[in-house]
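K.L.:
The structure follows.
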Amino acid sequence: MRCLVLAPVCFFTDDRAIGAGSELTIADQTANPSGWNGYLDVDMSGYLLTITHMEDATDYQTASITLTDILFDLVGEMIIDVTLITDSIIDFAGSAPYTEEILFTNNSIILNFFVNDIPGQDIFNFIDGGTATYQITTRTVSVNAPASLGLMFLGLAGFALRRRFVK
């Protein structure tokens, strides 16, 4: 599940495969009661997450991008770090200062952008076509079979031997 919230604008998609191409676009908008313009496109490719601003000048006070229930190819794979590697999505001169917060769990990522509370400066500006790319670092934890599984196979072998010798 992925949801992108920009003030009263909400985008949502569920159970979409992650791969080449955009995972979240304007077609996924579910609510926009105030008629805001602009959106952020979310794309994941391998272990890179790219956010692209898609509209002419768009100003926001907050933006939050949440990706949950991320499934990996390897059993036991989990997120251990999310790092910003390139950032050309924010007009720094027209937005400073602002705060970016990166939160994550084993299988989810939350990116929050907030304007710092400064009189006369209450918005930050996304650059049209600007991007921010994040590196997702994972590790694989081996998943051991429970001890009861060995006991079950031993019991099945006993039944097979009993059946063979007792008729």
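Naming works like this for the structure tokens: A, B, ... for the chains as they're shown, residue 1 at the start of each chain, ligands 1 onward in shown order.
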I'd like the contact shell of Val141 of chain A - 12 Å cut-off, only C-alpha atoms, skipping same-chain residues fewer than 4 positions apart - returned as a list in words.
P.N.:
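My reading of the contact set: Leu74, Val75, Gly76, Glu77, Met78, Ile79, Ile80 and Asn106 of chain A.
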K.L.:
Output the selection as a CSV table (one decimal), in the first residue's frame - C-alpha atoms for each residue.
P.N.:
chain,number,residue,atom,x,y,z
A,74,LEU,CA,14.3,-12.9,-0.7
A,75,VAL,CA,12.7,-14.5,2.3
A,76,GLY,CA,13.8,-12.7,5.5
A,77,GLU,CA,14.9,-9.5,3.7
A,78,MET,CA,14.3,-6.3,5.6
A,79,ILE,CA,15.1,-2.6,5.4
A,80,ILE,CA,18.0,-1.5,7.7
A,106,ASN,CA,11.5,-3.7,8.2
K.L.:
Would you kindly return, as a ChimeraX atom specification, each protein, DNA or RNA residue with an atom no farther than 8 Å from any atom of segment 25-33 of chain A, considering only C-alpha atoms and excluding same-chain residues fewer than 6 positions away?
P.N.:
/A:8-13,39-42
K.L.:
Save the residues we just selected, C-alpha atoms, as a PDB file, in the first residue's frame?
P.N.:
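Saved result, result.pdb, follows:
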ATOM      1  CA  PRO A   8      -5.855  17.826   1.561  1.00  0.00           C
ATOM      2  CA  VAL A   9      -4.729  15.914  -1.554  1.00  0.00           C
ATOM      3  CA  CYS A  10      -4.495  12.130  -1.187  1.00  0.00           C
ATOM      4  CA  PHE A  11      -3.209   9.507  -3.604  1.00  0.00           C
ATOM      5  CA  PHE A  12      -3.616   5.786  -2.978  1.00  0.00           C
ATOM      6  CA  THR A  13      -2.801   2.488  -4.644  1.00  0.00           C
ATOM      7  CA  TYR A  39       1.736  15.952  -7.229  1.00  0.00           C
ATOM      8  CA  LEU A  40       4.804  13.893  -6.492  1.00  0.00           C
ATOM      9  CA  ASP A  41       5.404  10.785  -8.591  1.00  0.00           C
ATOM     10  CA  VAL A  42       6.823   7.807  -6.674  1.00  0.00           C
TER      11      VAL A  42
END
K.L.:
Of the residues A:Asp91, A:Asp69, A:Asp43, A:Glu101, which is the one nearest to Asn125 of chain A, using only C-alpha atoms?
P.N.:
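Counting only C-alpha atoms, the residue closest to Asn125 of chain A is A:Asp91.
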K.L.:
Using DSSP on the backbone, list every residue of segment 17-91 of chain A that comes out as strand (DSSP E), and give them as a PyMOL selection string.
P.N.:
chain A and resi 29-31+40-45+48-53+58-60+62-67+77-87
K.L.:
Would you mind telling me which residue in A:Phe159, A:Tyr47, A:Phe165, A:Phe113 lies nearest to Phe126 of chain A when using only C-alpha atoms?
P.N.:
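So, comparing all the options, the nearest one is A:Phe113.
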K.L.:
Taking only C-alpha atoms into account, which of A:Leu156, A:Thr140, A:Gly130, A:Phe114 comes nearest Thr99 of chain A?
P.N.:
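Going through A:Leu156, A:Thr140, A:Gly130, A:Phe114 one by one, the smallest distance to Thr99 of chain A is for A:Phe114.
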K.L.:
Identify, on the basis of only C-alpha atoms, every residue whose closest approach to Thr68 of chain A does not exceed 12 Å; exclude the query and any residue fewer than 2 positions from it along the same chain; express the result as a ChimeraX atom specification.
P.N.:
/A:1-4,12-16,65-66,70-71,79,103-111
K.L.:
Just give me the gap between atom CA of Gly21 of chain A and atom CA of His53 of chain A in Å, one decimal is fine.
P.N.:
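Separation of atom CA of Gly21 of chain A and atom CA of His53 of chain A: 14.8 Å.
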